[in-house]
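Heads up: the structure comes next, in structure tokens.
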Amino acid sequence: MFKIAVAGTGYVGLVAGVAFAEMGHQVTCVDIDEKKVEMMKSGISPIYETDLEDLMQKNYAAGRIEYTTDYQSAYREADAVFIGVGTPENADGSANLSYIATVARQIAENIEKDCLVVVKSTVPVGTNDKVEQFIHDFLVNDVRVEVASNPEFLAQGSAVHDTLHAKRIIIGTESKWAEELLKKIYEPFKLPIVSVNRKSAEMIKYASNDFLALKISYMNDIANLCELVGADVQDVAEGMSFDDRIGSKFLNAGIGYGGSCFPKDTKALEYLASQNGYVLKTVKAAIDVNKDQKTLLYKKASNRLITFNGLKVAILGLTFKPGTDDLREAPSLENVPLLLDQGADIYAYDPVGAANFARVYPEGKSSKGTITYVDTAEAALEGANVCFIFTEWGEVKAVTPEGYKMLMRTPLVYDGRNLHSIQVMEEAGVEYYSVGRAP
Ligand code: UGA
């Protein structure tokens, strides 16, 4: 078993730390935020993830995981330091690597024994070469230090499960020493390990995410055409899915992909290509389709209604997908300002994301309209003139066609997640519009 330090306690870092502890390693999670560290020590997770708090508490009680701001000691004692800090997007689409650089320098200045630095954060191809050089430049003691790439493939909402039951572990190394050490660290997971060089590992992450984004944008593009010619995109997707070269996953058309990964990683790869004098046409197309898709329903509704001014607008779902309180790049963030600007009175419901949303749009008057947060889907729908479904939470799916008909003043529903049968909605007396399915 190894002594592992993890830098950063966001989705990537904290979940990795807990998973290593669960596998029997001795883990120290480092974060600069004192409050967050205190919270984690008392068994509270700073992020909402199924099973995460249980595993944090179990491994903390067993003495296998600790949380600290004292990075000096954590890095000094570690056999390996995993970096899971954020790489947010710069204005030009490139990745901001300043958090990685800070951690790299702290490692260089503090390690006193041989140490493998493992970058889990998503970083542009070639970054880990630079990180290694950077560490060597600032290294204080005469020790062996190398950088490995070990991209993360977890999805928010199922982060713990995805980590413990990953489809593959990608390790990108430049020496036998690094490769063997990482393989030993991952041995207890009993998962397939793909060992490649550092740049290929970095590229596998982007190529995988961008492929999935492309798949979604492709289906959204097809959906828009389906609607024009009278086909049903859900039937089309089902028909396609029997071909196992296509597969059945990520074929759901809707109001576009959001989250912290696909939007950022598509732009980052496009940027990397342009820096190398290449135009990545497919990824560029995925980005373009996604941009238009997010306000598709707003535009449809605008054509149907004279104005949103003074209308009660129900919004069901604010987060970019169910199972998370994350709002990053969520379609709701694109649509709410448009509606408020039109003078709409929004009643928004989200089982876990409302508090985060209220930080961006506080309850009350905002622009020309107002926004109110309610505790149930029914409360949002009560007396509404129009409803937008943005996230497929179980609580949102549970609203029946009769529910819309009964609760709304005018049962007019724009469904960004294709949750209902057009026929059943019509039979219930609901005017219903969705994505890629002609009404
Ligand atoms: C994504 C990838 O799925 C993970 O494999 C990857 O590790 C992660 O990014 C990352 O790079 O960290 P995540 O962003 O958490 O995970 O969420 P997804 O479940 O992939 O959904 C992303 C977006 O695509 C959501 O807005 C979702 O609604 C949308 N989506 C997904 C569709 O519109 N249609 C689909 O068929 C599937």
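Just remember, in the structure tokens the first chain shown is A, the second B, etc., residues are 1-based per chain, and ligands are 1-based in the order shown.
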Each residue of chain A with at least one atom at most 6 Å from ligand 1 should appear once, together with its nearest atom pair and the corresponding distance in Å (one decimal); atoms considered: only C-alpha atoms and all ligand atoms; ordering: chain, then increasing residue number; output as a Markdown table.
```
| residue | atom | partner | partner_atom_place_in_ligand_line | distance |
| --- | --- | --- | --- | --- |
| A:Glu152 | CA | ligand 1 | 7 (O) | 5.5 |
| A:Phe153 | CA | ligand 1 | 7 (O) | 3.1 |
| A:Leu154 | CA | ligand 1 | 7 (O) | 4.0 |
| A:Ala155 | CA | ligand 1 | 15 (O) | 3.5 |
| A:Gln156 | CA | ligand 1 | 15 (O) | 3.7 |
| A:Asn209 | CA | ligand 1 | 2 (C) | 6.0 |
| A:Ile216 | CA | ligand 1 | 34 (N) | 5.2 |
| A:Phe250 | CA | ligand 1 | 36 (O) | 3.1 |
| A:Leu251 | CA | ligand 1 | 36 (O) | 4.3 |
| A:Asn252 | CA | ligand 1 | 36 (O) | 3.5 |
| A:Ala253 | CA | ligand 1 | 34 (N) | 5.6 |
| A:Gly254 | CA | ligand 1 | 33 (O) | 5.3 |
| A:Gly256 | CA | ligand 1 | 33 (O) | 5.0 |
| A:Tyr257 | CA | ligand 1 | 26 (O) | 3.7 |
| A:Gly258 | CA | ligand 1 | 26 (O) | 3.8 |
| A:Gly259 | CA | ligand 1 | 14 (O) | 4.7 |
| A:Ser260 | CA | ligand 1 | 14 (O) | 5.8 |
| A:Cys261 | CA | ligand 1 | 11 (O) | 4.5 |
| A:Phe262 | CA | ligand 1 | 9 (O) | 5.9 |
| A:Phe320 | CA | ligand 1 | 26 (O) | 4.7 |
| A:Lys321 | CA | ligand 1 | 28 (O) | 4.8 |
```
Please build the interface table for stretch 297-363 of chain A against stretch 389-394 of chain A with a cut-off of 9 Å, listing for each qualifying residue the nearest atom pair and the distance in Å to one decimal; count only C-alpha atoms, order rows by chain and increasing number, and write it as a tab-separated table.
```
residue	atom	partner	partner_atom	distance
A:Ala314	CA	A:Ile389	CA	8.4
A:Ile315	CA	A:Ile389	CA	6.0
A:Leu316	CA	A:Ile389	CA	4.8
A:Gly317	CA	A:Thr391	CA	4.3
A:Leu318	CA	A:Thr391	CA	6.3
A:Thr319	CA	A:Thr391	CA	6.5
A:Phe320	CA	A:Thr391	CA	6.7
A:Lys321	CA	A:Thr391	CA	5.6
A:Pro322	CA	A:Trp393	CA	5.0
A:Gly323	CA	A:Trp393	CA	7.5
A:Ala330	CA	A:Phe390	CA	8.7
A:Pro331	CA	A:Phe390	CA	7.0
A:Ser332	CA	A:Phe390	CA	6.6
A:Asp350	CA	A:Trp393	CA	8.1
A:Pro351	CA	A:Trp393	CA	7.8
```
Using only C-alpha atoms, which residues sit within 7 Å of stretch 192-206 of chain A once same-chain residues fewer than 3 positions away are excluded, as a list in words?
->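 My reading of the contact set: Val123, Pro124, Val125, Gly126, Ala148, Ser149, Asn150, Pro151, Arg168, Ile169, Ile170, Ile171, Gly172, Thr173, Glu174, Asn209, Asp210, Asp265 and Leu269 of chain A.
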Would you mind reading off the distance between atom CA of A:Gly436 and atom CA of A:Cys226, one decimal, in Å?
->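 Spanning atom CA of A:Gly436 to atom CA of A:Cys226 is a straight-line distance of 5.4 Å.
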Residue nearest A:Ile287 among A:Lys264, A:His136, A:Lys249, A:Arg105 (counting only C-alpha atoms) =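 Nearest candidate to A:Ile287 out of A:Lys264, A:His136, A:Lys249, A:Arg105: A:Lys264.
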For A:Val12, list every protein, DNA or RNA residue within 9 Å, evaluated using only C-alpha atoms, and leave out those in the same chain fewer than 5 positions away; present the list as a list in words.
-> Gly17, Ile83, Gly84, Val85, Gly86, Lys120, Ser121, Glu152, Leu154 and Ala159 of chain A
Could you write out that same residue set with N, CA and C atoms as an mmCIF file, in the first residue's frame?
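Once written, result_13.cif looks like this:
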```cif
data_model
loop_
_atom_site.group_PDB
_atom_site.id
_atom_site.type_symbol
_atom_site.label_atom_id
_atom_site.label_comp_id
_atom_site.auth_asym_id
_atom_site.auth_seq_id
_atom_site.Cartn_x
_atom_site.Cartn_y
_atom_site.Cartn_z
ATOM 1 N N GLY A 17 -9.367 10.471 -4.148
ATOM 2 C CA GLY A 17 -8.804 10.256 -2.809
ATOM 3 C C GLY A 17 -9.594 9.202 -2.043
ATOM 4 N N ILE A 83 -2.742 15.108 -8.850
ATOM 5 C CA ILE A 83 -3.243 16.480 -8.986
ATOM 6 C C ILE A 83 -4.636 16.451 -9.625
ATOM 7 N N GLY A 84 -5.590 16.995 -8.875
ATOM 8 C CA GLY A 84 -6.966 17.018 -9.394
ATOM 9 C C GLY A 84 -7.570 18.400 -9.296
ATOM 10 N N VAL A 85 -6.742 19.422 -9.455
ATOM 11 C CA VAL A 85 -7.260 20.794 -9.358
ATOM 12 C C VAL A 85 -7.894 21.202 -10.698
ATOM 13 N N GLY A 86 -8.658 22.282 -10.664
ATOM 14 C CA GLY A 86 -9.393 22.702 -11.853
ATOM 15 C C GLY A 86 -8.508 23.287 -12.945
ATOM 16 N N LYS A 120 -4.315 14.157 -12.888
ATOM 17 C CA LYS A 120 -5.639 13.633 -13.224
ATOM 18 C C LYS A 120 -6.489 14.707 -13.903
ATOM 19 N N SER A 121 -6.173 15.968 -13.630
ATOM 20 C CA SER A 121 -6.931 17.050 -14.253
ATOM 21 C C SER A 121 -6.801 16.949 -15.772
ATOM 22 N N GLU A 152 -9.154 11.280 -15.933
ATOM 23 C CA GLU A 152 -10.309 10.806 -15.178
ATOM 24 C C GLU A 152 -11.511 10.712 -16.119
ATOM 25 N N LEU A 154 -14.803 9.932 -14.870
ATOM 26 C CA LEU A 154 -16.057 9.876 -14.110
ATOM 27 C C LEU A 154 -17.051 10.913 -14.616
ATOM 28 N N ALA A 159 -20.133 9.669 -9.816
ATOM 29 C CA ALA A 159 -18.677 9.783 -9.735
ATOM 30 C C ALA A 159 -18.030 8.615 -8.980
#
```
Backbone DSSP call of strand (DSSP E or B) for stretch 163-302 of chain A, listed as a PyMOL selection string = chain A and resi 169-172+193-196+232
Can you work out which one of A:Met240, A:Gly24, A:Ser45, A:Gly157 has the shortest atom-to-atom distance to A:Asp326, counting only C-alpha atoms?
->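 Under the stated criterion, the closest residue is A:Gly157.
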Taking the DSSP assignment computed from this structure's backbone, write out as a ChimeraX atom specification all residues of stretch 262-431 of chain A that belong to helix (DSSP H, G or I).
-> /A:262-275,281-293,296-304,331-341,354-360,377-381,394-397,401-407,422-427
Which one of A:Lys312, A:Lys365, A:Lys130, A:Lys215 sits closest to A:Ser248 if you count only C-alpha atoms?
->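 Closest to A:Ser248, using only C-alpha atoms: A:Lys215.
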Among the residues A:Ile47, A:Val18, A:Ala207, A:Ile422, the one that comes closest to A:Tyr60 [using only C-alpha atoms] = A:Val18
What lies within 9 Å of A:His161 using only C-alpha atoms, ignoring chain neighbours under 5 positions off, as a compact mmCIF listing (two decimals) with C-alpha atoms, in the first residue's frame?
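This went into around.txt:
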```
# COMPACT_ATOMS: atom_id res chain seq x y z
CA THR A 50 -24.16 9.56 -4.31
CA ASP A 51 -22.27 7.37 -1.78
CA LEU A 154 -16.06 9.88 -14.11
CA ALA A 166 -14.15 2.41 -14.32
```
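Excluding A:Asp79 and any residue on its chain fewer than 2 positions from it, the residues at most 7 Å away by only C-alpha atoms are A:Phe2, A:Lys3, A:Ile4, A:Glu77, A:Val81, A:Asp114, A:Cys115, A:Leu116.
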Next, the residues of the selection above should be written as a PDB file, in the first residue's frame with N, CA and C atoms.
```pdb
ATOM      1  N   PHE A   2       0.363   2.325  -0.587  1.00  0.00           N
ATOM      2  CA  PHE A   2       1.184   3.524  -0.775  1.00  0.00           C
ATOM      3  C   PHE A   2       0.639   4.722  -0.011  1.00  0.00           C
ATOM      4  N   LYS A   3       1.558   5.674   0.207  1.00  0.00           N
ATOM      5  CA  LYS A   3       1.151   6.961   0.784  1.00  0.00           C
ATOM      6  C   LYS A   3       0.848   7.888  -0.379  1.00  0.00           C
ATOM      7  N   ILE A   4      -0.401   8.309  -0.452  1.00  0.00           N
ATOM      8  CA  ILE A   4      -0.835   9.121  -1.590  1.00  0.00           C
ATOM      9  C   ILE A   4      -1.330  10.467  -1.107  1.00  0.00           C
ATOM     10  N   GLU A  77       5.760  13.505   2.462  1.00  0.00           N
ATOM     11  CA  GLU A  77       5.685  12.084   2.827  1.00  0.00           C
ATOM     12  C   GLU A  77       5.156  11.176   1.719  1.00  0.00           C
ATOM     13  N   VAL A  81       1.863  11.977  -5.711  1.00  0.00           N
ATOM     14  CA  VAL A  81       0.907  13.081  -5.526  1.00  0.00           C
ATOM     15  C   VAL A  81       0.011  13.130  -6.756  1.00  0.00           C
ATOM     16  N   ASP A 114      11.855  10.208  -3.514  1.00  0.00           N
ATOM     17  CA  ASP A 114      11.371   9.996  -4.881  1.00  0.00           C
ATOM     18  C   ASP A 114       9.850  10.054  -4.898  1.00  0.00           C
ATOM     19  N   CYS A 115       9.323  10.676  -5.917  1.00  0.00           N
ATOM     20  CA  CYS A 115       7.876  10.892  -5.924  1.00  0.00           C
ATOM     21  C   CYS A 115       7.343  10.924  -7.360  1.00  0.00           C
ATOM     22  N   LEU A 116       6.225  10.256  -7.559  1.00  0.00           N
ATOM     23  CA  LEU A 116       5.572  10.312  -8.867  1.00  0.00           C
ATOM     24  C   LEU A 116       4.429  11.315  -8.792  1.00  0.00           C
TER      25      LEU A 116
END
```
Measure the distance from atom CA of A:Trp177 to atom CA of A:Arg144 in Å and round it to one decimal.
->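 About the pair atom CA of A:Trp177 and atom CA of A:Arg144: they are 10.2 Å apart.
The residue set within 8 Å of A:Glu34, counting only C-alpha atoms and dropping same-chain residues fewer than 4 places from it, reads A:Glu38, A:Thr68, A:Thr69.
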Atomic distance atom CA of A:Asn309 - atom CA of A:Asp375, expressed in Å with one decimal | 24.0 Å
Which of these residues is nearest to A:Thr400, using only C-alpha atoms: A:Asp235, A:Glu378, A:Asp142, A:Glu49?
->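 The closest residue to A:Thr400 is A:Glu378.
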Judged by only C-alpha atoms, the minimum distance to A:Leu214 among A:Ala285, A:Leu419, A:Ile346, A:Val143 is found for A:Ala285
